[in-house]
file target39.cif (mmCIF, C-alpha atoms and all ligand atoms)
data_entry
loop_
_atom_site.label_atom_id
_atom_site.label_comp_id
_atom_site.auth_asym_id
_atom_site.auth_seq_id
_atom_site.Cartn_x
_atom_site.Cartn_y
_atom_site.Cartn_z
CA MET V 1 126.74 90.34 84.00
CA LEU V 2 123.51 89.25 82.38
CA ARG V 3 122.34 92.79 81.91
CA LEU V 4 125.37 93.37 79.68
CA LEU V 5 124.70 90.19 77.76
CA PHE V 6 121.02 90.85 77.16
CA PRO V 7 120.51 94.62 77.10
CA ALA V 8 117.74 94.44 74.48
CA VAL V 9 115.73 91.88 76.41
CA PHE V 10 116.22 93.77 79.63
CA ALA V 11 114.95 97.02 78.10
CA LEU V 12 111.98 95.18 76.62
CA VAL V 13 111.00 93.65 79.94
CA LEU V 14 111.34 96.91 81.84
CA GLY V 15 109.56 98.87 79.13
CA SER V 16 106.54 96.61 78.98
CA GLN V 17 106.20 96.61 82.76
CA ALA V 18 106.25 100.39 82.90
CA ALA V 19 103.76 100.86 80.06
CA GLU V 20 100.81 99.08 81.67
CA GLU V 21 100.00 98.01 85.21
CA LYS V 22 100.75 94.31 84.99
CA PRO V 23 100.37 92.00 87.94
CA VAL V 24 103.56 91.50 89.90
CA LEU V 25 103.97 87.73 89.83
CA PHE V 26 106.23 85.45 91.82
CA SER V 27 107.48 83.66 88.72
CA PRO V 28 107.11 84.38 84.99
CA VAL V 29 104.96 81.27 84.50
CA SER V 30 102.54 82.12 87.34
CA GLU V 31 98.92 82.62 86.44
CA GLU V 32 97.36 86.02 87.04
CA PRO V 33 95.16 86.06 90.15
CA GLU V 34 91.43 85.76 89.52
CA TRP V 35 90.32 88.00 92.36
CA ARG V 36 86.61 87.24 91.81
CA LEU V 37 87.29 83.73 93.16
CA LEU V 38 87.56 85.36 96.61
CA ASP V 39 84.02 86.80 96.38
CA PRO V 40 82.34 83.91 98.27
CA GLY V 41 84.39 85.09 101.26
CA GLN V 42 82.65 88.49 101.34
CA GLY V 43 81.10 89.20 104.73
CA LEU V 44 82.29 85.84 106.06
CA LEU V 45 84.75 86.81 108.80
CA THR V 46 84.92 89.48 111.44
CA ARG V 47 88.09 91.54 111.60
CA GLN V 48 89.08 89.58 114.70
CA GLU V 49 88.66 86.23 112.97
CA PHE V 50 90.58 87.43 109.92
CA GLU V 51 93.44 88.74 112.03
CA ASN V 52 93.57 85.59 114.17
CA ARG V 53 94.01 83.42 111.08
CA LEU V 54 96.68 85.74 109.75
CA ARG V 55 98.63 85.73 112.99
CA ARG V 56 98.38 82.04 113.84
CA THR V 57 98.80 80.51 110.42
CA PHE V 58 99.61 82.64 107.41
CA ASP V 59 101.57 85.66 108.53
CA PRO V 60 102.98 85.35 112.07
CA ALA V 61 105.55 88.08 111.31
CA GLY V 62 102.95 90.67 110.22
CA ALA V 63 104.43 91.07 106.74
CA LEU V 64 101.02 91.55 105.08
CA ARG V 65 100.02 94.40 107.38
CA PRO V 66 101.74 97.17 105.35
CA TYR V 67 99.56 96.21 102.35
CA LEU V 68 96.22 96.47 104.22
CA ILE V 69 93.92 99.34 105.21
CA TRP V 70 91.04 98.58 107.56
CA ASP V 71 87.95 100.71 107.95
CA GLU V 72 84.49 100.23 109.51
CA GLU V 73 83.24 97.93 106.75
CA GLY V 74 86.23 95.84 105.85
CA VAL V 75 89.75 95.73 104.53
CA THR V 76 91.43 96.79 101.29
CA LEU V 77 94.47 94.90 100.03
CA PHE V 78 97.04 96.91 98.08
CA ARG V 79 99.78 95.91 95.69
CA ASP V 80 102.27 98.32 97.26
CA LYS V 81 103.28 99.34 100.76
CA ALA V 82 102.51 102.97 99.94
CA ARG V 83 98.93 101.66 99.59
CA THR V 84 98.14 103.55 96.39
CA ARG V 85 97.26 100.61 94.10
CA PRO V 86 94.31 98.56 95.44
CA LEU V 87 94.02 94.90 94.46
CA TYR V 88 90.94 93.67 96.33
CA ARG V 89 88.34 94.79 98.82
CA LEU V 90 86.89 92.38 101.42
CA THR V 91 83.92 93.30 103.59
CA GLN V 92 83.90 91.97 107.11
CA ALA V 93 81.10 90.18 108.94
CA SER V 94 79.34 92.33 111.49
CA GLU V 95 80.35 91.47 115.06
CA GLN V 96 76.69 91.05 116.02
CA LYS V 97 75.89 88.46 113.35
CA PRO V 98 74.74 85.27 115.07
CA LYS V 99 76.90 82.29 114.18
CA GLU V 100 75.17 79.76 111.96
CA PRO V 101 74.38 76.59 113.86
CA PRO V 102 76.44 73.53 112.82
CA VAL V 103 74.97 71.38 110.07
CA PRO V 104 72.77 68.70 111.68
CA VAL V 105 74.17 65.18 111.46
CA LEU V 106 71.72 62.95 109.61
CA CYS V 107 73.66 59.70 109.73
CA GLY V 108 76.26 58.58 112.24
CA GLY V 109 78.92 57.58 109.70
CA ASP V 110 80.28 54.15 108.95
CA SER V 111 83.01 53.31 111.45
CA ALA V 112 84.28 50.39 109.31
CA ARG V 113 84.63 52.73 106.32
CA PRO V 114 85.46 56.10 107.88
CA LEU V 115 86.57 57.55 104.52
CA ALA V 116 83.29 56.69 102.73
CA GLY V 117 82.24 59.57 100.50
CA LYS V 118 85.66 61.26 100.67
CA VAL V 119 87.78 61.97 97.61
CA ILE V 120 91.47 61.85 98.49
CA CYS V 121 94.04 63.05 95.97
CA LEU V 122 97.54 61.59 96.02
CA ASP V 123 100.35 63.81 94.81
CA PRO V 124 103.56 61.76 94.59
CA GLY V 125 106.25 64.44 94.75
CA HIS V 126 108.38 65.22 91.66
CA ILE V 127 108.31 63.50 88.27
CA GLY V 128 111.10 60.89 88.31
CA GLY V 129 111.92 58.69 85.32
CA ASP V 130 113.72 60.56 82.54
CA TRP V 131 113.29 63.83 84.45
CA ALA V 132 114.99 62.81 87.70
CA ASP V 133 118.36 64.38 86.75
CA VAL V 134 116.75 67.62 85.57
CA GLU V 135 114.78 67.85 88.85
CA GLU V 136 117.98 67.18 90.83
CA ARG V 137 116.12 64.54 92.84
CA THR V 138 118.40 61.53 92.34
CA PHE V 139 121.78 60.30 93.52
CA ARG V 140 123.94 57.23 93.22
CA ILE V 141 126.59 55.92 95.59
CA GLY V 142 129.26 53.64 94.13
CA ASN V 143 127.76 50.78 92.15
CA ASP V 144 124.47 50.78 94.07
CA PRO V 145 121.27 51.33 92.09
CA PRO V 146 120.45 55.06 91.92
CA VAL V 147 117.98 56.49 94.44
CA VAL V 148 115.30 58.49 92.59
CA GLU V 149 112.93 60.39 94.85
CA GLY V 150 110.08 60.59 92.31
CA GLU V 151 110.07 56.77 92.13
CA LEU V 152 110.10 56.29 95.91
CA ASN V 153 107.17 58.72 96.24
CA LEU V 154 105.15 56.95 93.55
CA ARG V 155 105.89 53.51 95.01
CA THR V 156 104.73 54.69 98.44
CA CYS V 157 101.55 56.22 97.00
CA ARG V 158 100.73 52.99 95.12
CA LEU V 159 100.78 51.17 98.48
CA LEU V 160 98.87 53.97 100.19
CA ALA V 161 95.99 54.09 97.67
CA PRO V 162 94.48 50.63 98.42
CA LEU V 163 94.67 51.28 102.18
CA LEU V 164 92.61 54.46 101.75
CA GLU V 165 90.22 52.71 99.35
CA MET V 166 89.62 49.89 101.83
CA ALA V 167 88.53 52.54 104.31
CA GLY V 168 86.00 53.82 101.77
CA ALA V 169 87.84 56.68 100.02
CA LYS V 170 87.79 57.40 96.32
CA VAL V 171 91.47 57.93 95.43
CA VAL V 172 92.47 60.26 92.59
CA TRP V 173 95.96 61.26 91.42
CA THR V 174 97.73 64.43 90.29
CA HIS V 175 99.88 62.06 88.19
CA ASP V 176 100.55 58.33 88.22
CA GLY V 177 103.71 57.65 86.24
CA PHE V 178 106.95 59.32 85.19
CA VAL V 179 105.43 61.72 82.67
CA PRO V 180 105.08 65.44 83.41
CA THR V 181 101.56 66.78 83.86
CA THR V 182 102.44 70.06 82.15
CA PRO V 183 102.63 70.00 78.33
CA LEU V 184 105.53 72.49 78.56
CA ARG V 185 109.16 71.37 78.43
CA PRO V 186 112.30 73.26 79.56
CA ALA V 187 113.09 74.32 75.97
CA ASP V 188 109.69 76.09 75.82
CA LEU V 189 110.62 78.22 78.81
CA TYR V 190 113.85 79.94 77.70
CA PRO V 191 112.23 83.39 77.25
CA GLU V 192 110.65 83.11 80.73
CA ALA V 193 113.99 81.94 82.13
CA ILE V 194 115.66 85.11 80.82
CA THR V 195 112.87 87.25 82.32
CA TYR V 196 113.30 85.39 85.59
CA LEU V 197 117.03 86.07 85.66
CA LEU V 198 116.51 89.74 84.90
CA GLN V 199 114.01 90.01 87.74
CA GLY V 200 116.76 88.87 90.09
CA SER V 201 116.39 85.11 90.18
CA ARG V 202 115.79 83.46 93.50
CA GLY V 203 118.05 80.60 92.40
CA ALA V 204 121.00 80.81 94.76
CA ARG V 205 123.66 78.92 92.86
CA LEU V 206 124.42 81.41 90.12
CA PRO V 207 128.23 81.57 89.89
CA ARG V 208 128.71 77.91 88.94
CA TYR V 209 127.16 78.39 85.53
CA SER V 210 127.97 80.11 82.27
CA ALA V 211 125.25 82.49 80.99
CA ASN V 212 123.82 79.80 78.73
CA GLY V 213 123.98 77.24 81.52
CA LEU V 214 122.24 79.65 83.84
CA ILE V 215 119.37 80.20 81.41
CA ARG V 216 118.99 76.45 80.88
CA TRP V 217 119.09 75.80 84.63
CA ASN V 218 116.38 78.41 85.22
CA ALA V 219 114.26 77.06 82.35
CA GLU V 220 114.46 73.62 83.97
CA LEU V 221 113.56 75.07 87.36
CA LEU V 222 110.52 76.85 85.88
CA PHE V 223 109.55 73.59 84.17
CA TYR V 224 109.69 71.10 87.04
CA ARG V 225 108.76 73.46 89.84
CA SER V 226 106.46 76.21 88.58
CA ALA V 227 104.88 74.85 85.37
CA GLU V 228 104.57 71.25 86.58
CA ILE V 229 103.01 72.08 89.95
CA GLN V 230 100.68 74.60 88.33
CA ALA V 231 99.49 71.98 85.86
CA ARG V 232 98.83 69.62 88.78
CA ALA V 233 97.03 72.43 90.61
CA ARG V 234 94.76 73.02 87.61
CA ARG V 235 93.87 69.32 87.63
CA VAL V 236 93.19 69.36 91.39
CA ASN V 237 91.26 72.64 91.43
CA GLU V 238 89.23 72.27 88.23
CA GLU V 239 88.71 68.51 87.71
CA LEU V 240 89.43 66.44 90.81
CA ARG V 241 88.19 68.76 93.58
CA PRO V 242 89.24 66.40 96.39
CA ASP V 243 88.34 66.67 100.07
CA LEU V 244 92.04 66.27 100.88
CA THR V 245 95.35 66.16 99.00
CA LEU V 246 98.34 64.24 100.34
CA CYS V 247 101.75 65.29 98.96
CA ILE V 248 104.16 62.41 99.59
CA HIS V 249 107.94 62.97 99.61
CA TYR V 250 111.22 61.58 100.89
CA ASN V 251 113.76 64.06 102.21
CA ALA V 252 117.41 64.70 101.34
CA ALA V 253 120.02 66.31 103.57
CA PRO V 254 122.77 68.50 102.11
CA TRP V 255 125.85 66.42 101.23
CA PRO V 256 128.40 66.78 104.02
CA GLY V 257 131.25 68.96 102.74
CA GLY V 258 129.71 68.80 99.25
CA ARG V 259 130.89 65.16 98.91
CA MET V 260 128.37 62.45 98.08
CA ARG V 261 128.44 60.28 101.19
CA LEU V 262 125.84 59.22 103.73
CA THR V 263 125.08 61.40 106.70
CA SER V 264 123.07 61.45 109.93
CA ALA V 265 119.72 63.17 109.39
CA ASN V 266 117.03 60.90 110.69
CA ARG V 267 114.12 63.29 111.14
CA LEU V 268 110.56 63.71 109.89
CA VAL V 269 108.34 66.70 109.19
CA ILE V 270 104.78 67.37 108.04
CA PHE V 271 103.75 70.70 106.54
CA ALA V 272 100.45 72.53 106.79
CA HIS V 273 100.11 75.66 104.66
CA GLY V 274 101.07 79.09 106.01
CA SER V 275 104.08 81.14 107.14
CA TYR V 276 104.42 83.51 104.18
CA THR V 277 107.62 85.57 104.15
CA ALA V 278 107.83 89.33 103.50
CA GLU V 279 109.71 88.61 100.27
CA GLU V 280 106.88 86.36 99.02
CA LEU V 281 104.15 88.83 99.98
CA ALA V 282 105.61 91.47 97.65
CA PHE V 283 103.96 89.49 94.81
CA ASP V 284 100.30 89.76 93.77
CA ASP V 285 99.83 86.02 93.24
CA GLN V 286 101.21 85.21 96.70
CA LYS V 287 98.85 87.75 98.31
CA PHE V 288 95.97 86.23 96.34
CA ARG V 289 96.74 82.67 97.44
CA LEU V 290 97.14 83.77 101.05
CA LEU V 291 93.65 85.30 101.01
CA ARG V 292 92.20 82.32 99.17
CA LYS V 293 93.65 79.91 101.73
CA LEU V 294 92.67 82.11 104.68
CA LEU V 295 89.03 82.31 103.54
CA GLU V 296 88.90 78.62 102.60
CA ASP V 297 89.79 77.64 106.18
CA SER V 298 91.51 74.35 105.44
CA THR V 299 93.88 74.86 108.36
CA PRO V 300 91.94 72.92 111.03
CA MET V 301 91.81 69.80 108.84
CA GLU V 302 95.46 70.14 107.74
CA LEU V 303 96.52 70.36 111.39
CA GLY V 304 94.20 67.56 112.56
CA ILE V 305 95.40 65.12 109.91
CA GLY V 306 99.03 66.22 110.25
CA GLU V 307 98.91 65.66 113.98
CA SER V 308 97.28 62.25 113.52
CA ILE V 309 100.00 61.13 111.03
CA GLY V 310 102.65 62.58 113.38
CA LYS V 311 101.36 60.36 116.19
CA GLN V 312 101.83 57.31 113.95
CA PHE V 313 105.38 58.42 113.13
CA GLN V 314 106.16 58.90 116.79
CA GLU V 315 104.77 55.53 117.90
CA ARG V 316 106.08 53.37 115.10
CA TRP V 317 109.31 54.96 113.90
CA GLY V 318 110.12 57.33 116.72
CA PHE V 319 112.37 59.51 114.52
CA ARG V 320 112.92 63.03 115.82
CA PRO V 321 110.84 65.90 114.45
CA GLU V 322 112.52 68.51 112.26
CA ASN V 323 113.06 71.89 113.92
CA TYR V 324 112.64 75.10 111.89
CA GLU V 325 112.73 77.48 114.84
CA GLY V 326 114.33 80.74 113.66
CA SER V 327 114.30 79.73 109.98
CA GLY V 328 112.14 82.72 109.00
CA TYR V 329 110.13 80.57 106.54
CA ALA V 330 108.32 78.04 108.78
CA HIS V 331 106.74 78.15 112.21
CA ALA V 332 105.54 75.50 114.65
CA SER V 333 101.81 74.79 114.32
CA GLY V 334 101.20 73.54 117.85
CA ALA V 335 99.58 70.38 116.39
CA GLY V 336 102.17 67.98 117.82
CA PRO V 337 105.93 68.14 117.30
CA TYR V 338 106.00 67.15 113.61
CA VAL V 339 103.64 69.70 112.02
CA TRP V 340 105.01 73.06 110.81
CA HIS V 341 103.39 75.79 108.76
CA ARG V 342 105.24 76.49 105.53
CA ASN V 343 104.41 78.10 102.19
CA LEU V 344 105.29 75.51 99.54
CA ILE V 345 104.22 75.80 95.92
CA ALA V 346 102.01 72.69 96.12
CA ASN V 347 100.19 73.53 99.35
CA ARG V 348 99.77 77.11 98.14
CA MET V 349 98.45 76.31 94.65
CA PHE V 350 96.16 73.36 95.44
CA ASP V 351 92.70 74.35 96.70
CA GLY V 352 91.36 72.52 99.73
CA PRO V 353 93.24 70.91 102.60
CA VAL V 354 96.77 69.76 101.69
CA VAL V 355 98.96 67.71 104.00
CA PHE V 356 102.56 67.63 102.82
CA VAL V 357 104.55 64.75 104.31
CA GLU V 358 108.36 64.69 104.13
CA GLY V 359 109.31 61.07 104.78
CA PRO V 360 112.69 59.70 105.86
CA TYR V 361 115.97 61.16 104.61
CA MET V 362 117.16 59.14 101.62
CA ASN V 363 120.85 59.85 102.33
CA ASP V 364 120.71 59.08 106.06
CA ARG V 365 123.06 56.20 106.84
CA ALA V 366 120.35 54.19 108.65
CA ILE V 367 117.65 54.83 106.02
CA TYR V 368 119.70 54.34 102.85
CA PRO V 369 120.17 50.54 103.19
CA TRP V 370 116.47 50.21 104.05
CA ILE V 371 115.54 52.02 100.82
CA GLN V 372 118.04 49.90 98.84
CA ALA V 373 116.43 46.70 100.22
CA GLY V 374 113.34 47.46 98.09
CA GLU V 375 109.84 46.08 98.58
CA TYR V 376 110.71 42.80 100.33
CA GLU V 377 108.08 40.58 101.99
CA GLY V 378 107.97 40.14 105.78
CA THR V 379 110.50 41.89 107.97
CA ARG V 380 114.27 42.45 108.11
CA VAL V 381 116.52 44.09 110.68
CA PHE V 382 117.84 47.62 110.04
CA ALA V 383 119.78 49.60 112.66
CA GLY V 384 118.73 47.03 115.27
CA GLN V 385 115.00 47.30 114.48
CA ARG V 386 112.83 44.69 112.79
CA ARG V 387 111.15 46.46 109.90
CA GLY V 388 108.72 45.81 107.08
CA ASN V 389 109.81 47.40 103.80
CA ILE V 390 110.10 51.18 104.08
CA TYR V 391 107.51 51.95 101.39
CA ARG V 392 104.85 49.85 103.10
CA GLU V 393 105.62 51.19 106.58
CA TYR V 394 105.49 54.79 105.32
CA ALA V 395 102.19 54.16 103.48
CA GLU V 396 100.64 52.40 106.48
CA GLN V 397 101.45 55.24 108.86
CA VAL V 398 100.01 57.90 106.53
CA ALA V 399 96.87 55.79 105.97
CA SER V 400 96.44 55.13 109.71
CA GLY V 401 96.81 58.83 110.45
CA VAL V 402 94.21 59.87 107.86
CA ILE V 403 91.78 57.09 108.81
CA GLY V 404 92.22 57.79 112.53
CA TYR V 405 91.41 61.47 111.99
CA PHE V 406 88.17 60.80 110.07
CA ARG V 407 87.13 57.99 112.40
CA SER V 408 87.40 60.29 115.42
CA ARG V 409 85.34 62.89 113.54
CA THR V 410 82.51 60.48 112.65
CA GLN V 411 82.42 59.34 116.25
CA SER V 412 82.33 62.85 117.69
CA SER V 413 80.07 64.82 115.35
CA GLY V 414 80.21 63.68 111.73
CA ALA V 415 79.79 67.31 110.69
CA PHE V 416 82.36 67.33 107.90
CA THR V 417 82.19 70.29 105.59
CA ASN V 418 83.85 70.50 102.22
CA TYR V 419 85.71 73.68 101.28
CA PRO V 420 83.66 76.12 99.18
CA PRO V 421 83.98 75.81 95.38
ZN ZN V 501 110.60 65.88 97.48
#
call {"tool": "encode", "arguments": {"input": "target39.cif", "output": "structure tokens"}}
result
Amino acid sequence: MLRLLFPAVFALVLGSQAAEEKPVLFSPVSEEPEWRLLDPGQGLLTRQEFENRLRRTFDPAGALRPYLIWDEEGVTLFRDKARTRPLYRLTQASEQKPKEPPVPVLCGGDSARPLAGKVICLDPGHIGGDWADVEERTFRIGNDPPVVEGELNLRTCRLLAPLLEMAGAKVVWTHDGFVPTTPLRPADLYPEAITYLLQGSRGARLPRYSANGLIRWNAELLFYRSAEIQARARRVNEELRPDLTLCIHYNAAPWPGGRMRLTSANRLVIFAHGSYTAEELAFDDQKFRLLRKLLEDSTPMELGIGESIGKQFQERWGFRPENYEGSGYAHASGAGPYVWHRNLIANRMFDGPVVFVEGPYMNDRAIYPWIQAGEYEGTRVFAGQRRGNIYREYAEQVASGVIGYFRSRTQSSGAFTNYPP
């Protein structure tokens, strides 16, 4: 349908792609991979270590294998499965190379301030404010005040920050308000939205919209998902350079029967990066980020902190963990029942360890009244349980999980290493 409506644009897009070898990017606002950023990983890993990380974390299904050729010295990554167009060459460490001894611990750490010297970045999910409708992260039931996820996330992060600071952390933010980080706006992204549609958009809800509506919807999607998260990633990777980023969200279940009414979905999940799909790995920028994350080796910290937060969830809230078995886009990490590997735009684009926490379901019938009760003092009873306000309880559990993880590390070894620049 769109091809008939926009034949000139379609020809233009195809023509320019054929003329020169352009990177194949996941979305039209993606940045081209800077392959040289992988160079510090040269000679770092043996083939065995590389393949273990792929299998356990990033590519359990083996979808990257058709793009790789191994030889005695290392591995070449190709754009295509025919393996004719090389993208990057990585040399492997020799099997005989003695492992470097761990960095000696000069001071035992401060057990009262276990986060001393750590920079922790808070990323309250979504934008909220005037953008909540565009992001499709808000709903309203009857005459109740609307529930806006971006605002719940920010409120929770504002309670979380002082708890981390009291434990010694320096807290920095991807954004702290209801203003987009990207200077782009949906209207700036109409040409990219058309390109996106012609590529075969991954937006699944096409038939509901007219052609104009479809372009607008895709421009909005590119704005709040791709452009906004990339702008945050630039801030994290180039200015803030934290030791850890925490992405804080509340979840939403599909509306039962498409009607806006409360449902039963009281589960929790924490994501560590990984679990790329075959569809994603067809793109150059996804291959690049996989390699960057694999060489960076943030996985142990993501799993350790995720597991520690999961323990808090289990003890204090006791909500069931989410189960993505058989989903094809997430796999169990083994770090407790709550932590799954998943390739999300934020945990893919941000350098360094990223722990992505999906809090309670906003449209669950037990959680909704708790959210509506706001930031009250003391405790009230919800679903038979005496509870502090939901924002404080959520923040306290995340803080306790993070602090508990670092405290156990200072007590055991103190050998904390930052990810390479
Ligand atoms: Zn969210």
call {"tool": "closest_residue", "arguments": {"input": "target39.cif", "among": "V:Arg225, V:His331, V:Arg292, V:Arg387", "to": "ligand ZN 501 (chain V)", "atoms": "only C-alpha atoms and all ligand atoms"}}
result
V:Arg225
call {"tool": "residues_near_ligand", "arguments": {"input": "target39.cif", "ligand": "ligand ZN 501 (chain V)", "cutoff": "6 Å", "atoms": "all atoms listed in the file", "output": "ChimeraX atom specification"}}
result
/V:125,249-251
call {"tool": "atom_distance", "arguments": {"input": "target39.cif", "atom1": "atom CA of V:Asn323", "atom2": "atom CA of V:Asn363"}}
result
18.4 Å
call {"tool": "atom_distance", "arguments": {"input": "target39.cif", "atom1": "atom CA of V:Leu221", "atom2": "atom CA of V:Glu135"}}
result
7.5 Å
call {"tool": "closest_atom_pairs", "arguments": {"input": "target39.cif", "of": "stretch 133-171 of chain V", "to": "stretch 336-358 of chain V", "cutoff": "12 Å", "atoms": "only C-alpha atoms", "output": "tab-separated table"}}
result
residue	atom	partner	partner_atom	distance
V:Glu149	CA	V:Glu358	CA	11.2
V:Leu152	CA	V:Glu358	CA	11.9
V:Asn153	CA	V:Glu358	CA	10.0
V:Thr156	CA	V:Val357	CA	11.6
V:Cys157	CA	V:Val357	CA	11.6
call {"tool": "residues_around", "arguments": {"input": "target39.cif", "residues": "stretch 298-302 of chain V", "least_positions_apart": "6", "cutoff": "10 Å", "atoms": "all atoms listed in the file", "output": "PyMOL selection string"}}
result
chain V and resi 53+57-58+243-246+270-274+308+333+335+339+341+351-356+405-406+416+418-419
call {"tool": "write_last_selection", "arguments": {"input": "target39.cif", "atoms": "C-alpha atoms", "output": "PDB file, keeping the file's coordinate frame"}}
result
ATOM      1  CA  ARG V  53      94.010  83.420 111.080  1.00  0.00           C
ATOM      2  CA  THR V  57      98.800  80.510 110.420  1.00  0.00           C
ATOM      3  CA  PHE V  58      99.610  82.640 107.410  1.00  0.00           C
ATOM      4  CA  ASP V 243      88.340  66.670 100.070  1.00  0.00           C
ATOM      5  CA  LEU V 244      92.040  66.270 100.880  1.00  0.00           C
ATOM      6  CA  THR V 245      95.350  66.160  99.000  1.00  0.00           C
ATOM      7  CA  LEU V 246      98.340  64.240 100.340  1.00  0.00           C
ATOM      8  CA  ILE V 270     104.780  67.370 108.040  1.00  0.00           C
ATOM      9  CA  PHE V 271     103.750  70.700 106.540  1.00  0.00           C
ATOM     10  CA  ALA V 272     100.450  72.530 106.790  1.00  0.00           C
ATOM     11  CA  HIS V 273     100.110  75.660 104.660  1.00  0.00           C
ATOM     12  CA  GLY V 274     101.070  79.090 106.010  1.00  0.00           C
ATOM     13  CA  SER V 308      97.280  62.250 113.520  1.00  0.00           C
ATOM     14  CA  SER V 333     101.810  74.790 114.320  1.00  0.00           C
ATOM     15  CA  ALA V 335      99.580  70.380 116.390  1.00  0.00           C
ATOM     16  CA  VAL V 339     103.640  69.700 112.020  1.00  0.00           C
ATOM     17  CA  HIS V 341     103.390  75.790 108.760  1.00  0.00           C
ATOM     18  CA  ASP V 351      92.700  74.350  96.700  1.00  0.00           C
ATOM     19  CA  GLY V 352      91.360  72.520  99.730  1.00  0.00           C
ATOM     20  CA  PRO V 353      93.240  70.910 102.600  1.00  0.00           C
ATOM     21  CA  VAL V 354      96.770  69.760 101.690  1.00  0.00           C
ATOM     22  CA  VAL V 355      98.960  67.710 104.000  1.00  0.00           C
ATOM     23  CA  PHE V 356     102.560  67.630 102.820  1.00  0.00           C
ATOM     24  CA  TYR V 405      91.410  61.470 111.990  1.00  0.00           C
ATOM     25  CA  PHE V 406      88.170  60.800 110.070  1.00  0.00           C
ATOM     26  CA  PHE V 416      82.360  67.330 107.900  1.00  0.00           C
ATOM     27  CA  ASN V 418      83.850  70.500 102.220  1.00  0.00           C
ATOM     28  CA  TYR V 419      85.710  73.680 101.280  1.00  0.00           C
TER      29      TYR V 419
END
call {"tool": "closest_residue", "arguments": {"input": "target39.cif", "among": "V:Val381, V:Pro28, V:Val402, V:Gly258", "to": "V:Leu197", "atoms": "all atoms listed in the file"}}
result
V:Pro28
call {"tool": "atom_distance", "arguments": {"input": "target39.cif", "atom1": "atom CA of V:Arg365", "atom2": "atom CA of V:Phe382"}}
result
10.5 Å
call {"tool": "closest_residue", "arguments": {"input": "target39.cif", "among": "V:Asn52, V:Pro186, V:Pro242, V:Phe178", "to": "V:Gly117", "atoms": "only C-alpha atoms"}}
result
V:Pro242
call {"tool": "residues_near_point", "arguments": {"input": "target39.cif", "point": "(86.1, 94.1, 97.7)", "cutoff": "9 Å", "atoms": "only C-alpha atoms", "output": "PyMOL selection string"}}
result
chain V and resi 38-39+42+74-77+87-91
call {"tool": "residues_around", "arguments": {"input": "target39.cif", "residues": "V:Lys170", "least_positions_apart": "4", "cutoff": "8 Å", "atoms": "only C-alpha atoms", "output": "list in words"}}
result
Ala116, Gly117, Lys118, Val119, Ile120, Leu164 and Glu165 of chain V
call {"tool": "closest_residue", "arguments": {"input": "target39.cif", "among": "V:Leu68, V:Ala167, V:Ile229, V:Ile248", "to": "V:Arg155", "atoms": "all atoms listed in the file"}}
result
V:Ile248
